[in-house]
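Undergrad: Provided herewith: entry.csv, CSV, C-alpha atoms.
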chain,number,residue,atom,x,y,z
H,24,MET,CA,-69.6,83.0,-31.0
H,25,ASN,CA,-70.3,79.6,-29.5
H,26,PRO,CA,-73.6,80.1,-27.5
H,27,ASN,CA,-72.5,77.4,-25.0
H,28,LEU,CA,-69.4,79.4,-23.9
H,29,PRO,CA,-69.7,81.1,-20.5
H,30,ASN,CA,-69.8,84.9,-20.2
H,31,SER,CA,-66.6,84.6,-18.1
H,32,PHE,CA,-63.9,81.9,-17.9
H,33,ARG,CA,-62.9,83.1,-14.5
H,34,THR,CA,-66.0,82.4,-12.3
H,35,GLY,CA,-65.5,78.6,-11.7
H,36,PRO,CA,-65.7,76.3,-10.1
H,37,ASP,CA,-69.4,75.9,-9.1
H,38,GLU,CA,-70.4,75.3,-5.5
H,39,ARG,CA,-69.6,71.6,-5.8
H,40,GLY,CA,-66.2,72.2,-7.4
H,41,HIS,CA,-67.0,71.5,-11.0
H,42,PHE,CA,-65.5,73.2,-14.1
H,43,GLY,CA,-68.1,72.1,-16.6
H,44,ASN,CA,-68.0,68.3,-16.5
H,45,PHE,CA,-64.6,68.2,-14.7
H,46,GLY,CA,-63.4,68.5,-11.1
H,47,GLY,CA,-65.7,67.5,-8.2
H,48,ARG,CA,-64.9,65.7,-5.0
H,49,PHE,CA,-64.3,62.0,-5.2
H,50,VAL,CA,-62.8,61.0,-1.8
H,51,ALA,CA,-63.0,58.4,0.9
H,52,GLU,CA,-65.8,59.0,3.4
H,53,THR,CA,-63.1,59.5,6.1
H,54,LEU,CA,-61.8,62.5,4.4
H,55,MET,CA,-65.0,64.3,3.6
H,56,PRO,CA,-65.3,66.1,6.9
H,57,LEU,CA,-61.8,67.5,6.6
H,58,ILE,CA,-62.4,68.5,3.0
H,59,LEU,CA,-65.5,70.4,4.1
H,60,ASP,CA,-63.5,72.0,7.0
H,61,LEU,CA,-60.8,73.0,4.5
H,62,GLU,CA,-63.3,74.6,2.2
H,63,LYS,CA,-64.7,76.6,5.0
H,64,ALA,CA,-61.3,77.6,6.3
H,65,TYR,CA,-60.1,78.8,2.9
H,66,ALA,CA,-63.3,80.7,2.3
H,67,ALA,CA,-62.9,82.5,5.7
H,68,ALA,CA,-59.2,83.2,4.9
H,69,LYS,CA,-60.1,84.7,1.5
H,70,ALA,CA,-62.6,87.0,3.2
H,71,ASP,CA,-60.2,88.1,5.9
H,72,PRO,CA,-58.1,91.2,4.8
H,73,SER,CA,-55.5,90.3,7.4
H,74,PHE,CA,-54.8,87.0,5.8
H,75,GLN,CA,-54.0,88.5,2.4
H,76,ALA,CA,-52.0,91.3,4.1
H,77,GLU,CA,-49.9,88.8,6.0
H,78,MET,CA,-49.4,86.7,2.8
H,79,ASN,CA,-48.4,89.7,0.7
H,80,GLY,CA,-45.8,90.5,3.3
H,81,TYR,CA,-44.3,87.0,3.1
H,82,LEU,CA,-44.5,87.0,-0.7
H,83,LYS,CA,-42.5,90.3,-0.8
H,84,ASP,CA,-39.9,89.8,1.9
H,85,TYR,CA,-39.5,86.0,2.1
H,86,VAL,CA,-40.3,84.7,-1.4
H,87,GLY,CA,-38.9,87.8,-3.1
H,88,ARG,CA,-41.8,88.9,-5.3
H,89,PRO,CA,-42.6,90.3,-7.7
H,90,SER,CA,-40.5,88.1,-9.9
H,91,PRO,CA,-39.1,89.9,-13.0
H,92,LEU,CA,-40.6,90.0,-16.4
H,93,TYR,CA,-37.4,89.8,-18.5
H,94,PHE,CA,-37.1,90.6,-22.2
H,95,ALA,CA,-35.1,87.7,-23.7
H,96,GLU,CA,-33.3,89.7,-26.4
H,97,ARG,CA,-31.0,87.1,-27.8
H,98,LEU,CA,-33.7,84.4,-27.9
H,99,THR,CA,-35.9,86.9,-29.7
H,100,GLU,CA,-33.1,87.7,-32.2
H,101,HIS,CA,-32.3,84.0,-32.7
H,102,LEU,CA,-35.9,83.0,-33.5
H,103,GLY,CA,-36.6,86.1,-35.6
H,104,GLY,CA,-40.3,86.7,-34.8
H,105,ALA,CA,-42.3,87.6,-31.7
H,106,LYS,CA,-40.8,89.6,-28.9
H,107,ILE,CA,-40.2,87.1,-26.1
H,108,TYR,CA,-40.5,87.8,-22.4
H,109,LEU,CA,-39.7,85.4,-19.6
H,110,LYS,CA,-41.7,85.5,-16.4
H,111,ARG,CA,-38.8,84.6,-14.0
H,112,GLU,CA,-40.5,82.3,-11.4
H,113,GLU,CA,-37.2,80.4,-11.0
H,114,LEU,CA,-35.8,83.4,-9.1
H,115,ASN,CA,-38.3,82.9,-6.3
H,116,HIS,CA,-36.9,81.6,-3.0
H,117,THR,CA,-36.7,77.8,-3.3
H,118,GLY,CA,-36.2,78.1,-7.1
H,119,SER,CA,-39.7,77.7,-8.6
H,120,HIS,CA,-43.3,78.9,-8.6
H,121,LYS,CA,-44.2,76.2,-6.1
H,122,VAL,CA,-43.5,78.4,-3.1
H,123,ASN,CA,-46.5,80.7,-3.9
H,124,ASN,CA,-49.0,78.0,-3.4
H,125,VAL,CA,-47.2,76.3,-0.5
H,126,LEU,CA,-47.1,79.6,1.4
H,127,GLY,CA,-50.8,80.0,1.0
H,128,GLN,CA,-51.7,76.5,2.1
H,129,ILE,CA,-49.3,76.5,5.1
H,130,MET,CA,-51.0,79.7,6.3
H,131,VAL,CA,-54.4,78.1,5.9
H,132,ALA,CA,-53.1,75.0,7.8
H,133,ARG,CA,-51.9,77.2,10.6
H,134,ARG,CA,-55.4,78.8,10.9
H,135,MET,CA,-56.8,75.3,11.1
H,136,GLY,CA,-54.4,74.4,13.9
H,137,LYS,CA,-52.7,71.6,11.9
H,138,LYS,CA,-49.1,70.8,13.1
H,139,ARG,CA,-48.2,68.0,10.7
H,140,ILE,CA,-47.8,68.7,6.9
H,141,ILE,CA,-47.6,66.0,4.3
H,142,ALA,CA,-46.9,66.5,0.6
H,143,GLU,CA,-46.1,64.6,-2.6
H,144,THR,CA,-43.5,65.7,-5.1
H,145,GLY,CA,-42.1,64.7,-8.5
H,146,ALA,CA,-39.3,67.0,-9.4
H,147,GLY,CA,-38.8,67.9,-5.8
H,148,GLN,CA,-39.6,71.6,-6.2
H,149,HIS,CA,-42.9,71.3,-4.4
H,150,GLY,CA,-41.3,69.2,-1.7
H,151,VAL,CA,-38.5,71.7,-1.2
H,152,ALA,CA,-41.0,74.5,-1.0
H,153,THR,CA,-43.0,72.6,1.6
H,154,ALA,CA,-40.0,71.7,3.6
H,155,THR,CA,-38.9,75.3,3.5
H,156,LEU,CA,-42.1,76.8,4.8
H,157,CYS,CA,-42.5,74.0,7.4
H,158,ALA,CA,-39.0,74.9,8.7
H,159,ARG,CA,-40.0,78.6,8.7
H,160,PHE,CA,-43.1,78.0,10.8
H,161,GLY,CA,-41.8,75.1,12.9
H,162,LEU,CA,-44.1,72.4,11.5
H,163,GLU,CA,-43.5,68.6,11.1
H,164,CYS,CA,-43.0,67.8,7.4
H,165,VAL,CA,-43.3,64.4,5.5
H,166,VAL,CA,-42.7,64.3,1.8
H,167,TYR,CA,-43.7,61.3,-0.4
H,168,MET,CA,-41.6,60.9,-3.5
H,169,GLY,CA,-41.4,58.1,-6.1
H,170,ALA,CA,-38.2,56.1,-5.8
H,171,VAL,CA,-37.3,56.8,-9.4
H,172,ASP,CA,-37.7,60.5,-8.8
H,173,VAL,CA,-35.6,60.2,-5.6
H,174,ALA,CA,-32.7,58.9,-7.8
H,175,ARG,CA,-33.1,61.5,-10.6
H,176,GLN,CA,-33.6,64.5,-8.3
H,177,ALA,CA,-31.0,63.8,-5.7
H,178,PRO,CA,-30.1,67.5,-5.1
H,179,ASN,CA,-33.6,68.3,-4.1
H,180,VAL,CA,-33.8,65.2,-1.8
H,181,PHE,CA,-30.7,66.5,0.0
H,182,ARG,CA,-32.3,70.0,0.3
H,183,MET,CA,-35.5,68.6,1.8
H,184,GLU,CA,-33.7,66.5,4.4
H,185,MET,CA,-31.4,69.4,5.2
H,186,LEU,CA,-34.5,71.5,5.9
H,187,GLY,CA,-35.7,68.9,8.4
H,188,ALA,CA,-38.3,67.0,6.3
H,189,LYS,CA,-38.7,63.3,6.2
H,190,VAL,CA,-38.5,62.1,2.6
H,191,VAL,CA,-40.4,58.8,2.0
H,192,PRO,CA,-39.3,56.9,-1.2
H,193,VAL,CA,-42.4,55.2,-2.7
H,194,GLN,CA,-41.7,51.8,-4.3
H,195,SER,CA,-45.1,51.0,-5.7
H,196,GLY,CA,-46.3,51.3,-9.3
H,197,THR,CA,-44.0,53.2,-11.6
H,198,ARG,CA,-42.3,54.8,-8.5
H,199,THR,CA,-43.1,58.3,-9.8
H,200,LEU,CA,-45.4,61.2,-9.0
H,201,LYS,CA,-48.7,59.3,-9.3
H,202,ASP,CA,-47.6,56.7,-6.8
H,203,ALA,CA,-46.3,59.4,-4.4
H,204,MET,CA,-49.7,61.0,-4.5
H,205,ASN,CA,-51.4,57.6,-3.7
H,206,GLU,CA,-49.2,57.2,-0.7
H,207,ALA,CA,-49.8,60.7,0.5
H,208,LEU,CA,-53.6,60.1,0.3
H,209,ARG,CA,-53.2,56.9,2.4
H,210,ASP,CA,-51.3,58.8,5.0
H,211,TRP,CA,-53.9,61.5,5.1
H,212,VAL,CA,-56.8,59.0,5.6
H,213,THR,CA,-54.8,57.5,8.5
H,214,ASN,CA,-53.8,60.7,10.2
H,215,VAL,CA,-56.7,63.0,9.3
H,216,HIS,CA,-57.0,64.4,12.9
H,217,ASN,CA,-53.7,66.3,12.9
H,218,THR,CA,-52.5,66.4,9.3
H,219,PHE,CA,-52.8,68.9,6.5
H,220,TYR,CA,-52.2,67.6,2.9
H,221,CYS,CA,-50.4,70.3,0.9
H,222,ILE,CA,-51.2,69.4,-2.7
H,223,GLY,CA,-48.7,70.8,-5.2
H,224,THR,CA,-50.8,71.3,-8.3
H,225,VAL,CA,-54.3,72.3,-9.5
H,226,ALA,CA,-55.6,68.8,-9.1
H,227,GLY,CA,-57.2,66.7,-6.3
H,228,PRO,CA,-60.7,67.1,-4.7
H,229,HIS,CA,-62.4,70.5,-4.5
H,230,PRO,CA,-61.3,73.0,-3.1
H,231,TYR,CA,-57.7,72.2,-4.0
H,232,PRO,CA,-57.8,73.0,-7.8
H,233,MET,CA,-59.4,76.4,-7.0
H,234,MET,CA,-57.2,77.1,-4.0
H,235,VAL,CA,-53.9,76.3,-5.7
H,236,ARG,CA,-55.0,78.3,-8.8
H,237,ASP,CA,-55.8,81.3,-6.6
H,238,PHE,CA,-52.5,81.2,-4.8
H,239,GLN,CA,-50.6,80.9,-8.2
H,240,SER,CA,-52.6,83.6,-9.9
H,241,VAL,CA,-50.1,86.1,-8.5
H,242,ILE,CA,-48.0,85.1,-11.6
H,243,GLY,CA,-50.5,86.3,-14.1
H,244,ASP,CA,-51.5,89.4,-12.0
H,245,GLU,CA,-47.9,90.5,-12.0
H,246,THR,CA,-47.4,89.7,-15.6
H,247,ARG,CA,-50.4,91.9,-16.6
H,248,LYS,CA,-49.1,94.8,-14.6
H,249,GLN,CA,-45.4,94.4,-15.7
H,250,MET,CA,-46.3,94.1,-19.4
H,251,MET,CA,-48.4,97.2,-19.3
H,252,GLU,CA,-45.4,99.0,-17.7
H,253,ALA,CA,-43.0,97.6,-20.3
H,254,GLU,CA,-45.0,97.8,-23.5
H,255,GLY,CA,-48.2,99.7,-22.6
H,256,ARG,CA,-50.5,96.9,-23.6
H,257,LEU,CA,-51.4,93.3,-22.9
H,258,PRO,CA,-49.3,90.4,-24.2
H,259,ASP,CA,-50.5,88.7,-27.4
H,260,SER,CA,-49.7,85.2,-26.3
H,261,LEU,CA,-48.9,83.2,-23.2
H,262,ILE,CA,-47.1,79.8,-23.0
H,263,ALA,CA,-46.4,77.5,-20.1
H,264,CYS,CA,-45.6,73.8,-19.5
H,265,ILE,CA,-48.2,71.5,-18.0
H,266,GLY,CA,-48.0,68.4,-15.8
H,267,GLY,CA,-50.8,69.0,-13.3
H,268,GLY,CA,-50.7,72.5,-14.5
H,269,SER,CA,-50.3,74.9,-11.5
H,270,ASN,CA,-47.7,77.3,-13.0
H,271,ALA,CA,-49.8,77.5,-16.2
H,272,MET,CA,-53.0,78.1,-14.5
H,273,GLY,CA,-51.3,80.8,-12.4
H,274,LEU,CA,-50.2,82.6,-15.5
H,275,PHE,CA,-53.3,82.0,-17.6
H,276,HIS,CA,-56.2,82.7,-15.2
H,277,PRO,CA,-55.9,86.5,-15.0
H,278,PHE,CA,-56.0,86.6,-18.9
H,279,LEU,CA,-58.8,84.1,-19.6
H,280,ASP,CA,-61.4,86.8,-20.3
H,281,ASP,CA,-59.1,88.8,-22.6
H,282,PRO,CA,-60.0,87.3,-26.1
H,283,SER,CA,-57.0,89.0,-27.8
H,284,VAL,CA,-54.6,86.9,-25.7
H,285,GLU,CA,-53.7,83.5,-27.3
H,286,ILE,CA,-53.0,80.9,-24.6
H,287,PHE,CA,-50.9,77.7,-25.0
H,288,GLY,CA,-50.3,74.9,-22.6
H,289,VAL,CA,-47.5,72.4,-23.4
H,290,GLU,CA,-47.7,68.8,-22.2
H,291,ALA,CA,-44.9,66.3,-22.1
H,292,ALA,CA,-44.9,64.1,-25.2
H,293,GLY,CA,-42.0,61.9,-23.7
H,294,HIS,CA,-40.7,59.5,-26.4
H,295,GLY,CA,-43.6,60.6,-28.7
H,296,LEU,CA,-47.4,60.4,-28.6
H,297,THR,CA,-47.4,56.9,-30.1
H,298,GLN,CA,-45.0,55.7,-27.4
H,299,LEU,CA,-44.6,56.4,-23.6
H,300,HIS,CA,-45.6,60.0,-22.8
H,301,ALA,CA,-47.4,62.1,-20.2
H,302,ALA,CA,-49.7,64.1,-22.5
H,303,SER,CA,-53.1,63.5,-20.9
H,304,ILE,CA,-55.1,65.8,-23.2
H,305,ALA,CA,-53.4,64.7,-26.4
H,306,GLY,CA,-53.5,61.0,-25.5
H,307,GLY,CA,-56.1,60.6,-22.8
H,308,ARG,CA,-59.8,60.7,-22.0
H,309,PRO,CA,-62.0,61.8,-19.1
H,310,GLY,CA,-61.9,59.6,-15.9
H,311,VAL,CA,-61.5,59.9,-12.2
H,312,LEU,CA,-58.2,59.9,-10.3
H,313,HIS,CA,-56.9,61.4,-7.0
H,314,GLY,CA,-60.3,63.0,-6.1
H,315,ASN,CA,-61.3,64.7,-9.3
H,316,ARG,CA,-62.7,64.0,-12.8
H,317,THR,CA,-60.3,65.1,-15.6
H,318,TYR,CA,-58.4,63.9,-18.6
H,319,LEU,CA,-56.3,60.8,-17.8
H,320,LEU,CA,-54.1,58.3,-19.6
H,321,MET,CA,-56.1,55.1,-19.4
H,322,ASP,CA,-56.2,51.8,-21.2
H,323,ALA,CA,-59.3,50.3,-22.9
H,324,ASP,CA,-60.4,48.9,-19.5
H,325,GLY,CA,-60.1,52.3,-17.7
H,326,GLN,CA,-56.9,51.4,-15.9
H,327,ILE,CA,-54.5,54.2,-15.4
H,328,GLN,CA,-51.6,53.9,-17.8
H,329,ASP,CA,-47.9,54.6,-17.0
H,330,ALA,CA,-46.8,58.1,-17.9
H,331,HIS,CA,-43.3,59.1,-19.0
H,332,SER,CA,-41.4,62.3,-19.2
H,333,ILE,CA,-37.8,63.3,-19.1
H,334,SER,CA,-39.0,65.8,-16.5
H,335,ALA,CA,-40.0,64.4,-13.2
H,336,GLY,CA,-42.4,67.3,-12.6
H,337,LEU,CA,-44.5,66.5,-15.7
H,338,ASP,CA,-44.4,62.7,-15.3
H,339,TYR,CA,-48.1,62.4,-14.2
H,340,PRO,CA,-51.0,60.6,-16.1
H,341,GLY,CA,-53.5,63.4,-15.5
H,342,ILE,CA,-54.0,67.1,-15.6
H,343,GLY,CA,-55.9,69.6,-13.5
H,344,PRO,CA,-59.6,69.7,-14.1
H,345,GLU,CA,-59.8,73.3,-15.0
H,346,HIS,CA,-57.3,72.7,-17.9
H,347,SER,CA,-59.6,69.9,-19.1
H,348,TRP,CA,-62.5,72.3,-19.2
H,349,LEU,CA,-60.5,75.0,-20.9
H,350,HIS,CA,-59.4,72.4,-23.5
H,351,GLU,CA,-63.0,71.4,-24.2
H,352,THR,CA,-64.2,75.0,-24.4
H,353,GLY,CA,-61.3,75.8,-26.8
H,354,ARG,CA,-60.1,78.8,-24.7
H,355,VAL,CA,-56.7,77.3,-24.3
H,356,THR,CA,-54.7,75.4,-27.0
H,357,TYR,CA,-52.8,72.4,-25.7
H,358,LEU,CA,-49.6,71.4,-27.5
H,359,SER,CA,-46.9,68.8,-26.6
H,360,ALA,CA,-43.1,68.6,-26.7
H,361,THR,CA,-41.0,65.4,-26.6
H,362,ASP,CA,-38.1,64.7,-24.3
H,363,ASP,CA,-35.6,65.4,-27.1
H,364,GLU,CA,-37.3,68.8,-27.9
H,365,ALA,CA,-37.2,69.8,-24.3
H,366,LEU,CA,-33.5,68.8,-24.0
H,367,ALA,CA,-32.7,70.9,-27.0
H,368,ALA,CA,-34.6,73.9,-25.6
H,369,PHE,CA,-32.8,73.5,-22.3
H,370,MET,CA,-29.5,73.9,-24.1
H,371,LEU,CA,-30.7,76.7,-26.3
H,372,LEU,CA,-31.9,79.0,-23.5
H,373,SER,CA,-28.8,78.2,-21.5
H,374,ARG,CA,-26.5,79.2,-24.3
H,375,LEU,CA,-28.5,82.3,-25.6
H,376,GLU,CA,-29.6,83.8,-22.3
H,377,GLY,CA,-27.4,82.2,-19.6
H,378,ILE,CA,-30.5,80.8,-18.0
H,379,PRO,CA,-30.7,77.0,-17.6
H,380,PRO,CA,-34.5,76.4,-17.3
H,381,ALA,CA,-36.0,73.5,-15.4
H,382,LEU,CA,-36.7,70.6,-17.7
H,383,GLU,CA,-40.4,71.3,-17.1
H,384,SER,CA,-40.1,74.8,-18.4
H,385,ALA,CA,-37.9,73.6,-21.3
H,386,HIS,CA,-41.1,72.0,-22.8
H,387,ALA,CA,-42.6,75.5,-23.0
H,388,ILE,CA,-39.5,76.9,-24.5
H,389,ALA,CA,-39.5,74.1,-27.1
H,390,LYS,CA,-42.9,75.3,-28.4
H,391,VAL,CA,-41.8,78.9,-28.3
H,392,THR,CA,-39.1,78.0,-30.9
H,393,GLU,CA,-42.0,76.9,-33.2
H,394,LEU,CA,-44.5,79.6,-32.5
H,395,ALA,CA,-42.4,82.7,-32.2
H,396,PRO,CA,-40.9,82.7,-35.8
H,397,LYS,CA,-44.4,82.5,-37.2
H,398,ARG,CA,-45.5,85.7,-35.4
H,399,PRO,CA,-44.8,89.3,-36.4
H,400,LYS,CA,-42.0,91.3,-34.7
H,401,ASP,CA,-44.5,93.4,-32.7
H,402,HIS,CA,-46.2,90.3,-31.2
H,403,LEU,CA,-45.6,90.1,-27.5
H,404,MET,CA,-45.1,86.6,-26.2
H,405,VAL,CA,-44.7,85.6,-22.5
H,406,VAL,CA,-43.4,82.2,-21.4
H,407,ASN,CA,-43.5,81.2,-17.8
H,408,LEU,CA,-40.1,80.0,-16.5
H,409,SER,CA,-41.5,77.9,-13.7
H,410,GLY,CA,-38.3,76.7,-12.2
H,411,ARG,CA,-34.5,76.7,-12.4
H,412,GLY,CA,-32.6,74.0,-14.1
H,413,ASP,CA,-29.9,73.4,-11.5
H,414,LYS,CA,-31.8,70.4,-10.1
H,415,ASP,CA,-31.7,68.7,-13.6
H,416,ILE,CA,-28.0,69.2,-14.4
H,417,PRO,CA,-26.9,65.8,-12.9
H,418,GLN,CA,-29.6,64.0,-14.9
H,419,ILE,CA,-28.8,65.9,-18.1
H,420,THR,CA,-25.1,65.2,-17.7
H,421,GLU,CA,-25.8,61.5,-17.6
H,422,ILE,CA,-28.1,61.7,-20.7
H,423,LEU,CA,-25.6,63.6,-22.7
H,424,LYS,CA,-22.9,61.1,-21.7
H,425,GLY,CA,-25.1,58.3,-23.0
H,426,LYS,CA,-25.7,60.1,-26.3
H,427,LYS,CA,-21.9,60.4,-26.9
H,428,GLN,CA,-21.2,56.7,-26.2
Please express the file's structure as structure tokens.
TA:
Amino acid sequence: MNPNLPNSFRTGPDERGHFGNFGGRFVAETLMPLILDLEKAYAAAKADPSFQAEMNGYLKDYVGRPSPLYFAERLTEHLGGAKIYLKREELNHTGSHKVNNVLGQIMVARRMGKKRIIAETGAGQHGVATATLCARFGLECVVYMGAVDVARQAPNVFRMEMLGAKVVPVQSGTRTLKDAMNEALRDWVTNVHNTFYCIGTVAGPHPYPMMVRDFQSVIGDETRKQMMEAEGRLPDSLIACIGGGSNAMGLFHPFLDDPSVEIFGVEAAGHGLTQLHAASIAGGRPGVLHGNRTYLLMDADGQIQDAHSISAGLDYPGIGPEHSWLHETGRVTYLSATDDEALAAFMLLSRLEGIPPALESAHAIAKVTELAPKRPKDHLMVVNLSGRGDKDIPQITEILKGKKQ
């Protein structure tokens, strides 16, 4: 056993927000008091039984949890190997796992007396979840979204505006998720007195990576219980897609100290790892962006490179710092899937199980098609279906039209 490995993979971060050499708190001086206030407010909420009781009530009756753990019988038969289960996060209210984290952060914001909520979004699922919870609790909501993503995720833009949110198209940079996060941070610095920044993934300055992970860990906690009920033992492997990595961390974290469980994260390889992609671990190196140190896509001078993925939710040049640490310790294996592989997986799951996955989740399904046939039939594999594919159908329709021409 590697003597440098920790006794537990679940105790981080340290008091300064570090996971090994990653994470931390790299923010403008203006934001530091609010970051420290947020850290205190979250610690107080975690220690308050009434906070968790109220949150559990909303998770059950508003979000619709627990989400099912579904045996994908036809996919299993088709691949001819491992027994495949789908954790159905796409059946949550708002259509993805994002609502788990947003509910938690909005409840913390209310405890802090914040009336104005800002968020960034790529695929729109985090934006929709934020707009939904702001509507539920009567809060002002502003969502920053890259102009490219506004065009390719039009149904979610309509939903956010219908719910009362102001959607701000961001025209700078590549006009995708990275640029939306830049604009949200500028807004936060300007309006720090009355605004809460609801970050959508396990990135950003401490305590965000920890806080988002904690709120999303309901996915893994439920999976553990549901698999014991269904099969009488833990799963043998877990698979989830990764952009920033919140759905993956939510599934993985409760299993990190179970050495019998193989864990795989799947990054977006875009057009291929030698071309434009969004695979920060496979093609990046450590650096600092958006308040934390983590693996990033950078050029030789340390400038952030453009990322690309067919999936707006994975189109980000970085990854959450805890994932970077889990990669370097070897606890989690990180793979990658191209745009074409994700598109094929989208069609496969739709036709075999009647479940169109979000293009994000389709990256995980793509690797299931490679891993499952190599495993024995008694191997239990769980893939997190982080979101529903309805939002991607207009984009996929256009892509398929282009392929026929």
Undergrad: Hey, which of H:Ala51, H:His101, H:Ile265, H:His41 ends up closest to H:Arg374? Count all atoms listed in the file.
TA: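 Going through H:Ala51, H:His101, H:Ile265, H:His41 one by one, the smallest distance to H:Arg374 is for H:His101.
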Undergrad: Which of these, H:Ala387, H:Ala335, H:Val151, H:Leu28, has the shortest distance to H:Trp348 once you count all atoms listed in the file?
TA: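 Smallest separation from H:Trp348 among the options: H:Leu28.
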Undergrad: Taking all atoms listed in the file into account, name the residue in H:Arg88, H:His313, H:His149, H:His346 that is nearest to H:Asp202.
TA: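 Result for the nearest residue to H:Asp202: H:His313.
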Undergrad: Between H:Lys397, H:Arg209, H:Lys201, H:Lys138, single out the one closest to H:Gly341, counting all atoms listed in the file.
TA: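 Between H:Lys397, H:Arg209, H:Lys201, H:Lys138, the residue approaching H:Gly341 most closely is H:Lys201.
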Undergrad: What's the 8 Å shell around H:Pro396, counting only C-alpha atoms, without same-chain residues fewer than 6 positions away, as a PyMOL selection string?
TA: chain H and resi 102-105
Undergrad: Considering all atoms listed in the file, state which residue in the set H:Thr34, H:Asn124, H:Ser119, H:Gln249 is at the smallest distance from H:Met78.
TA: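 Checking each candidate against H:Met78, we get H:Asn124 as the closest.
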Undergrad: Between H:Glu383, H:Glu206, H:Asp259, H:Glu254, which one has atoms that come closest to H:Ala292, using only C-alpha atoms?
TA: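 Under the stated criterion, the closest residue is H:Glu383.
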Undergrad: Could you give me, as a Markdown table, a per-residue list for stretch 255-305 of chain H showing, wherever an atom lies at most 12 Å from an atom of stretch 357-363 of chain H, the closest pair of atoms and their distance in Å to one decimal, using only C-alpha atoms and sorting by chain then residue number from low to high?
TA:
| residue | atom | partner | partner_atom | distance |
| --- | --- | --- | --- | --- |
| H:Leu261 | CA | H:Tyr357 | CA | 11.8 |
| H:Ile262 | CA | H:Tyr357 | CA | 9.7 |
| H:Ala263 | CA | H:Tyr357 | CA | 9.9 |
| H:Cys264 | CA | H:Ser359 | CA | 8.8 |
| H:Ile265 | CA | H:Tyr357 | CA | 9.0 |
| H:Gly266 | CA | H:Ser359 | CA | 10.9 |
| H:Gly268 | CA | H:Tyr357 | CA | 11.4 |
| H:Ala271 | CA | H:Tyr357 | CA | 11.2 |
| H:Glu285 | CA | H:Tyr357 | CA | 11.3 |
| H:Ile286 | CA | H:Tyr357 | CA | 8.6 |
| H:Phe287 | CA | H:Tyr357 | CA | 5.7 |
| H:Gly288 | CA | H:Tyr357 | CA | 4.7 |
| H:Val289 | CA | H:Leu358 | CA | 4.7 |
| H:Glu290 | CA | H:Ser359 | CA | 4.5 |
| H:Ala291 | CA | H:Ala360 | CA | 5.4 |
| H:Ala292 | CA | H:Thr361 | CA | 4.3 |
| H:Gly293 | CA | H:Thr361 | CA | 4.7 |
| H:His294 | CA | H:Thr361 | CA | 5.9 |
| H:Gly295 | CA | H:Thr361 | CA | 5.8 |
| H:Leu296 | CA | H:Thr361 | CA | 8.4 |
| H:Thr297 | CA | H:Thr361 | CA | 11.2 |
| H:Gln298 | CA | H:Thr361 | CA | 10.5 |
| H:Leu299 | CA | H:Thr361 | CA | 10.1 |
| H:His300 | CA | H:Thr361 | CA | 8.0 |
| H:Ala301 | CA | H:Ser359 | CA | 9.3 |
| H:Ala302 | CA | H:Ser359 | CA | 6.8 |
| H:Ser303 | CA | H:Ser359 | CA | 10.0 |
| H:Ile304 | CA | H:Tyr357 | CA | 7.4 |
| H:Ala305 | CA | H:Ser359 | CA | 7.7 |
Undergrad: Hey, can you spit out that residue selection with C-alpha atoms as a PDB file, in the coordinates of the input?
TA:
ATOM      1  CA  LEU H 261     -48.900  83.200 -23.200  1.00  0.00           C
ATOM      2  CA  ILE H 262     -47.100  79.800 -23.000  1.00  0.00           C
ATOM      3  CA  ALA H 263     -46.400  77.500 -20.100  1.00  0.00           C
ATOM      4  CA  CYS H 264     -45.600  73.800 -19.500  1.00  0.00           C
ATOM      5  CA  ILE H 265     -48.200  71.500 -18.000  1.00  0.00           C
ATOM      6  CA  GLY H 266     -48.000  68.400 -15.800  1.00  0.00           C
ATOM      7  CA  GLY H 268     -50.700  72.500 -14.500  1.00  0.00           C
ATOM      8  CA  ALA H 271     -49.800  77.500 -16.200  1.00  0.00           C
ATOM      9  CA  GLU H 285     -53.700  83.500 -27.300  1.00  0.00           C
ATOM     10  CA  ILE H 286     -53.000  80.900 -24.600  1.00  0.00           C
ATOM     11  CA  PHE H 287     -50.900  77.700 -25.000  1.00  0.00           C
ATOM     12  CA  GLY H 288     -50.300  74.900 -22.600  1.00  0.00           C
ATOM     13  CA  VAL H 289     -47.500  72.400 -23.400  1.00  0.00           C
ATOM     14  CA  GLU H 290     -47.700  68.800 -22.200  1.00  0.00           C
ATOM     15  CA  ALA H 291     -44.900  66.300 -22.100  1.00  0.00           C
ATOM     16  CA  ALA H 292     -44.900  64.100 -25.200  1.00  0.00           C
ATOM     17  CA  GLY H 293     -42.000  61.900 -23.700  1.00  0.00           C
ATOM     18  CA  HIS H 294     -40.700  59.500 -26.400  1.00  0.00           C
ATOM     19  CA  GLY H 295     -43.600  60.600 -28.700  1.00  0.00           C
ATOM     20  CA  LEU H 296     -47.400  60.400 -28.600  1.00  0.00           C
ATOM     21  CA  THR H 297     -47.400  56.900 -30.100  1.00  0.00           C
ATOM     22  CA  GLN H 298     -45.000  55.700 -27.400  1.00  0.00           C
ATOM     23  CA  LEU H 299     -44.600  56.400 -23.600  1.00  0.00           C
ATOM     24  CA  HIS H 300     -45.600  60.000 -22.800  1.00  0.00           C
ATOM     25  CA  ALA H 301     -47.400  62.100 -20.200  1.00  0.00           C
ATOM     26  CA  ALA H 302     -49.700  64.100 -22.500  1.00  0.00           C
ATOM     27  CA  SER H 303     -53.100  63.500 -20.900  1.00  0.00           C
ATOM     28  CA  ILE H 304     -55.100  65.800 -23.200  1.00  0.00           C
ATOM     29  CA  ALA H 305     -53.400  64.700 -26.400  1.00  0.00           C
TER      30      ALA H 305
END
